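final02.txt, holding compact mmCIF, C-alpha atoms:
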# COMPACT_ATOMS: atom_id res chain seq x y z
CA MET A 1 0.00 0.00 0.00
CA PRO A 2 1.56 3.35 -1.00
CA LEU A 3 2.18 5.83 1.80
CA SER A 4 -0.10 8.84 1.94
CA ARG A 5 1.75 12.14 2.08
CA ARG A 6 -0.66 13.23 4.78
CA GLN A 7 0.47 10.28 6.85
CA LEU A 8 4.05 9.36 6.09
CA VAL A 9 6.28 11.34 3.77
CA ALA A 10 9.56 10.16 2.29
CA THR A 11 12.75 11.92 3.25
CA LEU A 12 13.39 15.18 1.45
CA PRO A 13 16.93 16.21 0.54
CA ALA A 14 18.56 18.16 3.32
CA ALA A 15 19.63 20.94 0.97
CA ALA A 16 16.09 21.54 -0.20
CA LEU A 17 14.83 21.86 3.34
CA ALA A 18 17.70 24.08 4.38
CA LEU A 19 16.95 26.54 1.60
CA GLY A 20 13.44 27.19 2.73
CA LEU A 21 11.39 25.36 5.31
CA PRO A 22 7.72 26.08 4.60
CA LYS A 23 5.28 26.99 7.33
CA ARG A 24 3.03 24.05 8.05
CA ALA A 25 -0.75 24.34 8.00
CA ALA A 26 -2.25 24.33 11.48
CA VAL A 27 -5.62 22.97 10.33
CA ALA A 28 -6.36 20.09 7.96
CA GLN A 29 -9.04 20.13 5.28
CA ASP A 30 -11.45 18.25 7.52
CA GLY A 31 -11.07 20.89 10.23
CA ARG A 32 -8.85 18.88 12.55
CA LYS A 33 -5.75 20.53 14.00
CA VAL A 34 -2.58 19.08 12.48
CA VAL A 35 0.15 17.55 14.64
CA THR A 36 3.47 17.11 12.84
CA PHE A 37 6.17 14.62 13.81
CA TRP A 38 9.57 14.08 12.17
CA PHE A 39 10.90 10.56 12.62
CA ALA A 40 14.52 9.59 12.05
CA GLN A 41 15.32 6.26 10.40
CA ALA A 42 12.83 3.51 9.67
CA ASN A 43 13.11 0.53 7.35
CA SER A 44 10.09 -0.66 5.36
CA ASP A 45 8.79 -2.68 8.30
CA GLY A 46 9.21 0.30 10.60
CA GLN A 47 7.45 2.66 8.22
CA ALA A 48 4.52 0.28 7.90
CA ALA A 49 4.32 -0.02 11.69
CA LEU A 50 4.41 3.76 12.11
CA ARG A 51 1.66 4.23 9.56
CA GLN A 52 -0.66 1.54 10.85
CA ASN A 53 -0.10 1.56 14.60
CA LEU A 54 0.58 5.24 15.21
CA VAL A 55 -0.70 7.48 12.43
CA ASP A 56 -3.81 5.58 11.37
CA ALA A 57 -4.64 4.35 14.86
CA PHE A 58 -4.30 7.78 16.51
CA ASN A 59 -6.26 9.54 13.80
CA ALA A 60 -9.04 6.98 14.07
CA SER A 61 -9.15 7.23 17.86
CA GLN A 62 -10.44 10.82 17.94
CA ASP A 63 -11.66 13.60 15.64
CA LYS A 64 -9.88 16.64 17.06
CA TYR A 65 -6.31 16.19 15.78
CA LEU A 66 -4.68 14.85 12.60
CA LEU A 67 -1.22 13.34 13.04
CA GLN A 68 1.25 13.59 10.16
CA VAL A 69 4.57 11.74 10.38
CA GLU A 70 7.53 12.34 8.07
CA VAL A 71 10.51 9.98 7.99
CA LYS A 72 13.60 12.16 7.58
CA GLY A 73 16.37 9.57 7.82
CA ALA A 74 19.85 10.07 9.23
CA ALA A 75 19.79 13.81 8.43
CA VAL A 76 16.99 14.47 10.92
CA ASN A 77 19.26 15.98 13.60
CA ASN A 78 20.67 18.61 11.25
CA LEU A 79 17.23 19.33 9.83
CA LEU A 80 15.83 19.80 13.31
CA LYS A 81 18.60 22.23 14.25
CA ILE A 82 17.77 24.42 11.27
CA ALA A 83 14.02 24.13 11.71
CA LEU A 84 13.92 24.80 15.44
CA VAL A 85 15.99 27.95 15.09
CA ALA A 86 13.74 29.15 12.26
CA GLY A 87 10.57 28.23 14.13
CA ASN A 88 9.41 25.99 11.29
CA GLY A 89 10.00 22.60 12.85
CA PRO A 90 7.53 19.87 13.72
CA ASP A 91 5.25 19.96 16.74
CA ILE A 92 6.79 16.74 18.09
CA VAL A 93 10.56 16.88 18.43
CA GLN A 94 12.32 13.52 18.63
CA THR A 95 16.00 13.40 19.55
CA ASN A 96 18.48 10.53 19.63
CA GLY A 97 18.67 10.68 23.40
CA PRO A 98 19.09 12.94 26.43
CA ALA A 99 22.53 14.17 25.36
CA TYR A 100 20.87 15.78 22.33
CA LEU A 101 17.91 16.99 24.38
CA THR A 102 20.12 18.98 26.75
CA ALA A 103 21.29 21.26 23.95
CA ILE A 104 17.83 22.18 22.66
CA ALA A 105 16.39 22.53 26.16
CA ASN A 106 19.27 24.85 27.06
CA ALA A 107 18.49 26.90 23.93
CA GLY A 108 14.83 27.18 24.92
CA GLN A 109 13.64 25.42 21.78
CA VAL A 110 11.27 22.96 23.47
CA LEU A 111 8.45 23.44 25.95
CA PRO A 112 8.41 22.21 29.56
CA LEU A 113 6.00 19.30 29.82
CA ASP A 114 5.24 19.57 33.54
CA GLY A 115 1.71 20.87 32.97
CA PHE A 116 0.84 18.07 30.56
CA ALA A 117 2.55 15.57 32.86
CA GLU A 118 0.22 16.66 35.66
CA THR A 119 -2.86 16.41 33.43
CA TYR A 120 -2.01 12.96 32.09
CA LYS A 121 -0.29 11.65 35.27
CA TRP A 122 2.89 10.81 33.32
CA LYS A 123 5.23 11.21 36.29
CA GLU A 124 3.35 8.48 38.15
CA ARG A 125 3.47 6.12 35.17
CA PHE A 126 7.10 6.18 33.98
CA LEU A 127 10.01 4.34 35.58
CA PRO A 128 11.79 7.15 37.50
CA ALA A 129 15.26 6.35 36.17
CA LEU A 130 14.08 6.79 32.58
CA LEU A 131 11.81 9.78 33.17
CA ASN A 132 14.69 11.55 34.90
CA THR A 133 16.62 11.58 31.60
CA GLY A 134 14.13 14.17 30.29
CA VAL A 135 14.65 16.61 33.17
CA TYR A 136 16.73 19.74 32.65
CA GLY A 137 17.06 22.59 35.13
CA GLY A 138 14.40 21.02 37.32
CA LYS A 139 11.79 20.91 34.55
CA LEU A 140 10.56 18.00 32.43
CA TYR A 141 11.31 18.66 28.77
CA ALA A 142 10.93 15.20 27.26
CA LEU A 143 9.41 11.78 27.66
CA PRO A 144 11.56 8.69 26.99
CA ARG A 145 10.32 6.86 23.90
CA ASP A 146 11.93 3.60 24.94
CA TYR A 147 14.51 1.94 27.05
CA GLU A 148 17.35 -0.07 25.65
CA SER A 149 20.68 -1.60 26.53
CA LEU A 150 23.55 -3.52 25.01
CA HIS A 151 23.51 -7.30 24.99
CA LEU A 152 25.71 -10.29 24.28
CA PHE A 153 24.19 -12.13 21.33
CA TYR A 154 25.69 -15.52 20.54
CA ASN A 155 25.21 -18.35 18.09
CA LYS A 156 24.14 -21.24 20.30
CA GLU A 157 24.83 -23.78 17.55
CA VAL A 158 28.43 -22.60 17.19
CA PHE A 159 28.79 -22.80 20.97
CA ARG A 160 27.26 -26.30 21.04
CA GLN A 161 29.44 -27.60 18.21
CA ASN A 162 32.58 -26.40 19.98
CA ASN A 163 31.51 -27.32 23.53
CA TRP A 164 31.77 -23.69 24.64
CA THR A 165 29.83 -22.38 27.59
CA LEU A 166 28.44 -18.88 27.94
CA PRO A 167 31.20 -16.63 29.39
CA THR A 168 30.59 -15.14 32.83
CA ASN A 169 33.78 -13.05 33.16
CA ARG A 170 36.70 -11.65 31.15
CA ALA A 171 38.88 -14.77 31.38
CA GLU A 172 36.09 -16.99 30.08
CA MET A 173 35.19 -14.47 27.37
CA GLU A 174 38.78 -14.34 26.13
CA GLN A 175 39.05 -18.11 26.30
CA VAL A 176 36.08 -18.46 23.93
CA ALA A 177 37.36 -15.64 21.71
CA ASP A 178 40.83 -17.16 21.40
CA ALA A 179 39.37 -20.60 20.69
CA ALA A 180 37.18 -19.05 17.99
CA LEU A 181 40.15 -17.36 16.34
CA ALA A 182 42.04 -20.64 16.34
CA LYS A 183 39.20 -22.19 14.35
CA GLY A 184 38.93 -19.30 11.90
CA ILE A 185 35.76 -17.96 13.54
CA VAL A 186 35.43 -14.23 14.26
CA PRO A 187 34.86 -13.80 18.02
CA PHE A 188 32.50 -10.81 17.68
CA GLY A 189 30.67 -9.98 14.46
CA ALA A 190 30.83 -6.19 14.08
CA GLY A 191 31.01 -3.38 11.55
CA ASN A 192 30.71 0.41 11.58
CA ALA A 193 30.83 1.26 7.86
CA ASP A 194 27.34 2.76 7.93
CA TRP A 195 27.29 4.16 11.47
CA LYS A 196 30.34 5.22 13.47
CA GLY A 197 28.16 5.14 16.54
CA VAL A 198 28.94 1.42 16.75
CA ASN A 199 32.18 2.60 18.38
CA GLU A 200 30.24 4.00 21.31
CA TRP A 201 28.23 0.80 21.68
CA LEU A 202 31.50 -1.04 22.23
CA MET A 203 32.94 1.66 24.49
CA THR A 204 29.78 1.70 26.59
CA VAL A 205 30.46 -1.98 27.29
CA PHE A 206 34.15 -1.52 28.02
CA LEU A 207 33.74 1.53 30.27
CA ASN A 208 30.93 0.03 32.33
CA ASN A 209 31.86 -3.64 32.36
CA VAL A 210 35.57 -3.07 32.99
CA ALA A 211 35.74 0.13 35.04
CA GLY A 212 32.41 -0.57 36.73
CA PRO A 213 29.16 1.41 36.74
CA GLU A 214 29.93 3.12 40.05
CA ASN A 215 33.17 4.59 38.69
CA VAL A 216 31.37 5.65 35.51
CA ARG A 217 28.73 7.43 37.57
CA LYS A 218 31.42 9.18 39.62
CA ALA A 219 33.09 10.39 36.42
CA LEU A 220 29.80 11.63 34.98
CA SER A 221 29.18 13.43 38.29
CA GLY A 222 32.54 15.20 38.05
CA GLU A 223 33.92 13.30 41.04
CA LEU A 224 36.45 11.14 39.19
CA PRO A 225 38.53 12.16 36.16
CA TRP A 226 38.32 10.10 33.00
CA THR A 227 42.09 9.71 33.18
CA SER A 228 41.76 7.48 36.27
CA ALA A 229 43.13 3.95 36.30
CA PRO A 230 39.79 2.10 35.84
CA PHE A 231 39.18 3.91 32.54
CA VAL A 232 42.74 3.39 31.37
CA GLU A 233 42.19 -0.34 31.90
CA ALA A 234 38.91 -0.20 29.97
CA VAL A 235 40.38 1.59 26.96
CA GLU A 236 43.46 -0.61 26.95
CA LEU A 237 41.28 -3.72 26.91
CA SER A 238 39.27 -2.38 23.97
CA LYS A 239 42.53 -1.77 22.11
CA ALA A 240 43.85 -5.24 22.95
CA TRP A 241 40.67 -6.90 21.69
CA TYR A 242 40.71 -4.89 18.48
CA SER A 243 44.41 -5.67 17.92
CA LYS A 244 43.85 -9.39 18.50
CA GLY A 245 41.17 -9.40 15.82
CA TYR A 246 38.27 -10.04 18.18
CA PHE A 247 36.09 -7.75 16.02
CA GLY A 248 37.32 -9.25 12.77
CA LYS A 249 39.53 -7.87 10.02
CA ASN A 250 36.82 -5.84 8.32
CA TYR A 251 35.30 -3.78 11.14
CA PHE A 252 35.60 -0.52 9.20
CA SER A 253 34.24 -1.91 5.93
CA LEU A 254 31.28 -3.99 7.11
CA THR A 255 27.88 -2.46 7.84
CA ILE A 256 26.05 -3.10 11.11
CA GLU A 257 23.84 -5.71 9.44
CA GLN A 258 26.73 -7.43 7.69
CA GLY A 259 28.66 -7.60 10.94
CA PHE A 260 25.80 -9.11 12.91
CA LEU A 261 24.92 -11.57 10.15
CA GLN A 262 28.37 -13.07 10.64
CA ALA A 263 27.12 -14.38 13.98
CA VAL A 264 23.80 -15.52 12.51
CA ASN A 265 25.60 -17.40 9.72
CA GLY A 266 28.12 -19.03 12.04
CA LYS A 267 31.11 -17.05 10.78
CA ALA A 268 31.27 -15.29 14.13
CA ALA A 269 30.60 -16.70 17.59
CA MET A 270 29.09 -13.62 19.22
CA ALA A 271 28.03 -10.02 18.68
CA LEU A 272 27.60 -7.03 20.98
CA GLY A 273 24.39 -5.30 19.93
CA GLY A 274 21.60 -3.14 21.26
CA THR A 275 17.96 -3.83 22.01
CA TRP A 276 17.12 -2.38 18.60
CA THR A 277 18.77 -5.46 17.06
CA PHE A 278 15.63 -7.46 17.76
CA GLY A 279 13.75 -5.43 15.16
CA THR A 280 15.92 -6.49 12.18
CA LYS A 281 14.04 -9.35 10.54
CA SER A 282 16.97 -10.54 8.42
CA TYR A 283 18.60 -11.84 11.63
CA GLY A 284 15.80 -14.37 11.99
CA MET A 285 15.66 -14.15 15.78
CA SER A 286 11.86 -14.21 15.83
CA LYS A 287 11.82 -17.68 14.24
CA PRO A 288 11.31 -20.70 16.51
CA ASP A 289 14.39 -22.38 15.01
CA THR A 290 16.72 -19.38 15.43
CA VAL A 291 20.35 -20.25 16.09
CA MET A 292 20.77 -17.09 18.17
CA ASP A 293 20.45 -16.53 21.89
CA VAL A 294 21.10 -13.50 24.08
CA ALA A 295 22.36 -12.64 27.55
CA ALA A 296 23.43 -9.62 29.56
CA VAL A 297 27.11 -8.73 29.12
CA PRO A 298 29.17 -10.11 32.03
CA SER A 299 31.70 -8.23 34.12
CA LEU A 300 35.00 -7.76 32.30
CA GLY A 301 36.96 -6.42 35.26
CA SER A 302 37.31 -6.54 39.03
CA ALA A 303 35.16 -3.48 39.85
CA PHE A 304 31.97 -5.57 40.11
CA SER A 305 30.74 -9.09 39.50
CA GLY A 306 27.84 -10.51 37.56
CA PRO A 307 26.09 -9.42 34.37
CA LEU A 308 25.09 -5.82 33.68
CA PHE A 309 22.49 -3.98 31.65
CA GLN A 310 23.46 -0.45 30.62
CA LEU A 311 20.63 2.05 31.00
CA ALA A 312 19.72 3.86 27.80
CA CYS A 313 16.98 6.03 26.49
CA GLY A 314 17.19 5.56 22.74
CA ALA A 315 15.04 8.55 21.87
CA THR A 316 13.25 11.40 23.60
CA LEU A 317 9.97 13.08 22.66
CA SER A 318 9.44 16.80 23.24
CA ILE A 319 7.13 19.56 22.05
CA ALA A 320 8.64 22.44 20.07
CA LYS A 321 8.49 25.86 21.71
CA ASN A 322 6.95 27.28 18.52
CA SER A 323 4.46 24.45 18.14
CA GLN A 324 1.09 25.62 16.88
CA ASN A 325 -0.58 22.63 18.49
CA PRO A 326 1.09 21.60 21.77
CA GLU A 327 -2.15 20.10 23.12
CA GLY A 328 -2.37 17.82 20.10
CA ALA A 329 1.24 16.74 20.52
CA ALA A 330 0.57 15.89 24.16
CA ALA A 331 -2.47 13.87 23.08
CA VAL A 332 -0.24 11.86 20.72
CA PHE A 333 2.21 11.20 23.57
CA ASP A 334 -0.57 9.90 25.78
CA PHE A 335 -1.88 7.70 22.97
CA MET A 336 1.58 6.10 22.77
CA LEU A 337 1.17 5.03 26.40
CA SER A 338 -1.89 2.92 25.63
CA ARG A 339 -1.79 -0.84 26.00
CA LYS A 340 -2.83 -1.51 22.41
CA PHE A 341 -0.15 0.75 20.94
CA TYR A 342 2.51 -0.82 23.16
CA GLN A 343 1.57 -4.33 22.10
CA ASP A 344 1.05 -3.58 18.42
CA MET A 345 4.33 -1.69 17.97
CA ASN A 346 6.40 -4.29 19.79
CA ARG A 347 4.75 -6.99 17.69
CA ASP A 348 5.52 -5.25 14.40
CA TRP A 349 8.74 -3.40 15.27
CA PRO A 350 10.33 -4.95 18.37
CA GLY A 351 13.11 -3.02 20.08
CA LYS A 352 11.99 0.46 19.05
CA TRP A 353 9.08 1.12 21.39
CA ALA A 354 9.85 -0.63 24.68
CA LEU A 355 8.08 2.05 26.67
CA PRO A 356 9.49 2.43 30.22
CA VAL A 357 6.07 2.64 31.84
CA LYS A 358 5.15 0.93 35.11
CA ASP A 359 1.65 -0.10 34.08
CA LEU A 360 2.86 -1.49 30.74
CA PRO A 361 5.02 -4.36 32.05
CA PRO A 362 6.85 -6.67 29.66
CA GLU A 363 4.40 -9.46 30.54
CA MET A 364 1.93 -7.69 28.25
CA LEU A 365 4.14 -8.62 25.29
CA LYS A 366 3.70 -12.36 25.74
CA GLY A 367 2.10 -13.68 22.60
CA PHE A 368 2.56 -10.34 20.83
CA SER A 369 6.30 -10.38 20.17
CA TYR A 370 8.76 -13.32 20.33
CA PRO A 371 10.56 -15.17 23.16
CA LEU A 372 14.09 -13.76 22.88
CA PHE A 373 12.83 -10.19 22.84
CA GLU A 374 10.25 -10.78 25.57
CA LYS A 375 12.86 -12.40 27.82
CA THR A 376 15.34 -9.58 27.36
CA VAL A 377 12.88 -6.73 27.86
CA SER A 378 11.57 -8.39 31.01
CA GLN A 379 15.10 -8.63 32.45
CA MET A 380 15.87 -5.03 31.52
CA HIS A 381 12.62 -3.75 33.03
CA GLU A 382 13.39 -5.49 36.33
CA ALA A 383 17.00 -4.26 36.45
CA PHE A 384 16.12 -0.67 35.61
CA ASP A 385 13.23 -0.62 38.07
CA LYS A 386 15.55 -1.78 40.85
CA GLY A 387 18.31 0.67 39.95
CA HIS A 388 20.79 -2.00 38.85
CA TYR A 389 22.40 -0.66 35.70
CA GLY A 390 25.33 0.98 33.97
CA PHE A 391 25.31 4.14 31.86
CA THR A 392 25.25 4.39 28.06
CA THR A 393 27.28 7.07 26.30
CA TRP A 394 24.47 8.35 24.06
CA THR A 395 22.21 8.88 27.07
CA PHE A 396 24.52 10.33 29.72
CA TRP A 397 27.61 11.81 28.01
CA PRO A 398 27.42 15.48 26.94
CA GLY A 399 27.55 16.10 23.19
CA ALA A 400 31.16 17.13 22.45
CA THR A 401 32.57 14.56 24.86
CA ASN A 402 30.53 11.81 23.28
CA SER A 403 31.50 12.85 19.75
CA TYR A 404 35.17 12.64 20.70
CA LEU A 405 34.65 9.28 22.42
CA ILE A 406 33.36 7.94 19.09
CA GLU A 407 35.98 9.50 16.83
CA GLY A 408 39.00 9.29 19.13
CA ILE A 409 38.79 5.62 20.01
CA GLU A 410 39.53 4.68 16.40
CA GLN A 411 42.80 6.59 16.70
CA VAL A 412 43.66 4.54 19.78
CA TRP A 413 42.85 1.26 18.08
CA LEU A 414 44.95 2.23 15.04
CA ASN A 415 47.92 3.24 17.26
CA ARG A 416 47.77 6.89 16.20
CA ILE A 417 47.32 8.24 19.73
CA THR A 418 47.87 6.75 23.17
CA THR A 419 45.22 5.83 25.66
CA GLU A 420 46.49 8.61 27.92
CA THR A 421 46.10 11.20 25.16
CA TYR A 422 42.61 9.95 24.37
CA LEU A 423 41.38 10.04 27.95
CA GLY A 424 43.12 13.37 28.60
CA ARG A 425 41.24 14.99 25.75
CA MET A 426 38.00 13.39 26.91
CA GLN A 427 38.53 14.77 30.41
CA THR A 428 39.19 18.29 29.06
CA LEU A 429 36.02 18.26 26.96
CA PHE A 430 33.91 16.77 29.73
CA ALA A 431 35.14 19.21 32.37
CA GLN A 432 34.18 22.16 30.18
CA GLU A 433 30.76 20.77 29.31
CA PHE A 434 30.15 19.87 32.94
CA ARG A 435 30.95 23.45 34.01
CA ASP A 436 28.64 24.75 31.29
CA GLY A 437 25.74 22.65 32.58
CA LYS A 438 25.59 20.50 29.44
CA ALA A 439 25.91 17.13 31.15
CA PRO A 440 22.62 15.19 31.13
CA PRO A 441 21.05 14.42 34.53
CA LEU A 442 21.99 11.17 36.24
CA PRO A 443 19.48 8.83 37.88
CA PRO A 444 20.31 7.21 41.21
CA ARG A 445 21.80 3.75 41.11
CA THR A 446 21.46 0.86 43.56
CA THR A 447 24.57 -1.25 44.08
Could you rewrite the structure in this file as structure tokens?
Amino acid sequence: MPLSRRQLVATLPAAALALGLPKRAAVAQDGRKVVTFWFAQANSDGQAALRQNLVDAFNASQDKYLLQVEVKGAAVNNLLKIALVAGNGPDIVQTNGPAYLTAIANAGQVLPLDGFAETYKWKERFLPALLNTGVYGGKLYALPRDYESLHLFYNKEVFRQNNWTLPTNRAEMEQVADAALAKGIVPFGAGNADWKGVNEWLMTVFLNNVAGPENVRKALSGELPWTSAPFVEAVELSKAWYSKGYFGKNYFSLTIEQGFLQAVNGKAAMALGGTWTFGTKSYGMSKPDTVMDVAAVPSLGSAFSGPLFQLACGATLSIAKNSQNPEGAAAVFDFMLSRKFYQDMNRDWPGKWALPVKDLPPEMLKGFSYPLFEKTVSQMHEAFDKGHYGFTTWTFWPGATNSYLIEGIEQVWLNRITTETYLGRMQTLFAQEFRDGKAPPLPPRTT
């Protein structure tokens, strides 16, 4: 079925939008007030899910507002920057996480949501740790669209054939990885050719699972410099694993999908991937006969023991300051918190809409999604609710610091700069952003 322009519009070239962003109509032909929403990236399955479960369903649920969603692709952040400054952006502002939200909240480009939160009782419904990521200067500026983490995916058939057991610490992980290399198997299927952000997925694991989540929280609070010994150990381990070939010989030339498919096809033993991985159908993880399984990433250092989920808000939802229809945008937000939307979206696009809402527990997904996803979301929900988690870079690192974390680590892996130089630069950037109030808020953590 072709997509209606009034419902879901294909990405327009960035240059065309930059030259002149037209004022949107506030009222549709049928008299309903228009609510506009720019979405980032969505494959064909995602676009169909957006159209059916959000646009069509919301518009059919009431006769006051008309929701229009446009998929903008990877350029959405730049387009939003231009549009928000010009006052021509969408009503609903989606960012890639709290680190991005902090900048636009600081610039006064989005509205506080406290009034709507009181009306719709949002503060009582969301998991506190996730809702806190949308707070800036004591005011609520965004709702978390989802929660996510990083996971250890592994090919259970490869493990069975080689009599390997699931690693529970660094020594066991390296034992499996070395055994895989000896057999010509890539230890971790990975690739960043289409998204350099894969670097930060890996570094989120190393920083938290080596240095420990408590040390990471101290650093993000300004209490411990990034040049401290636990972080040196974490970066050095990432470099050692890259140098050994644990991420394969083609990390920089393979795409995310190509890298992960190595694990699915048995050419790699494992893969470190995010919750969003469950939504890629080519991986076949929704099939009863899938060769893949998943677990939380174990401790890779001495700072803590046991497995760890890293807390992440994959996207935030705000209302533009210049929105012509803030009430309609708030109505869309509340619609997203309905049981039917939660179940339908996680059935059709798992991993993208795991809403961190208390009265929408993962048990509601049984029979709507598939076992691997349901199991993982249930474990994440429990860990996040209890305060047992680490901290993801895209959620809790300020913008410039996070950008350097992504770019600079490649220079470390390629022996162009030292670990000390890398962490020294990170500390300089972080200290400045921390002083400027650009560091995202941190939720409490239970040890």
Restricting to all atoms listed in the file, whichever of A:Asp45, A:Asn162, A:Ala329, A:Gln343 is closest to Lys366 (chain A) is A:Gln343
Enter the distance from CA of Thr102 (chain A) to CA of Leu220 (chain A), in Å, rounded to one decimal. 14.7 Å
Residues within 10 Å of (45.2, 9.5, 25.4), counting all atoms listed in the file, listed as a ChimeraX atom specification: /A:227,232,235,408-409,411-412,416-427
Please provide as a ChimeraX atom specification all residues within 8 Å of Leu207 (chain A), with the sequence filter that same-chain residues fewer than 2 positions apart are discarded (counting all atoms listed in the file). /A:203-205,209-213,216,231,234-235
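In this comparison, which uses only C-alpha atoms, the residue of A:Gly301, A:Asp344, A:Lys321, A:Glu223 approaching Ala431 (chain A) most closely is A:Glu223.
Nearest residue to Phe58 (chain A), choosing from A:Lys340, A:Lys239, A:Lys123, A:Lys139 and counting all atoms listed in the file: A:Lys340.
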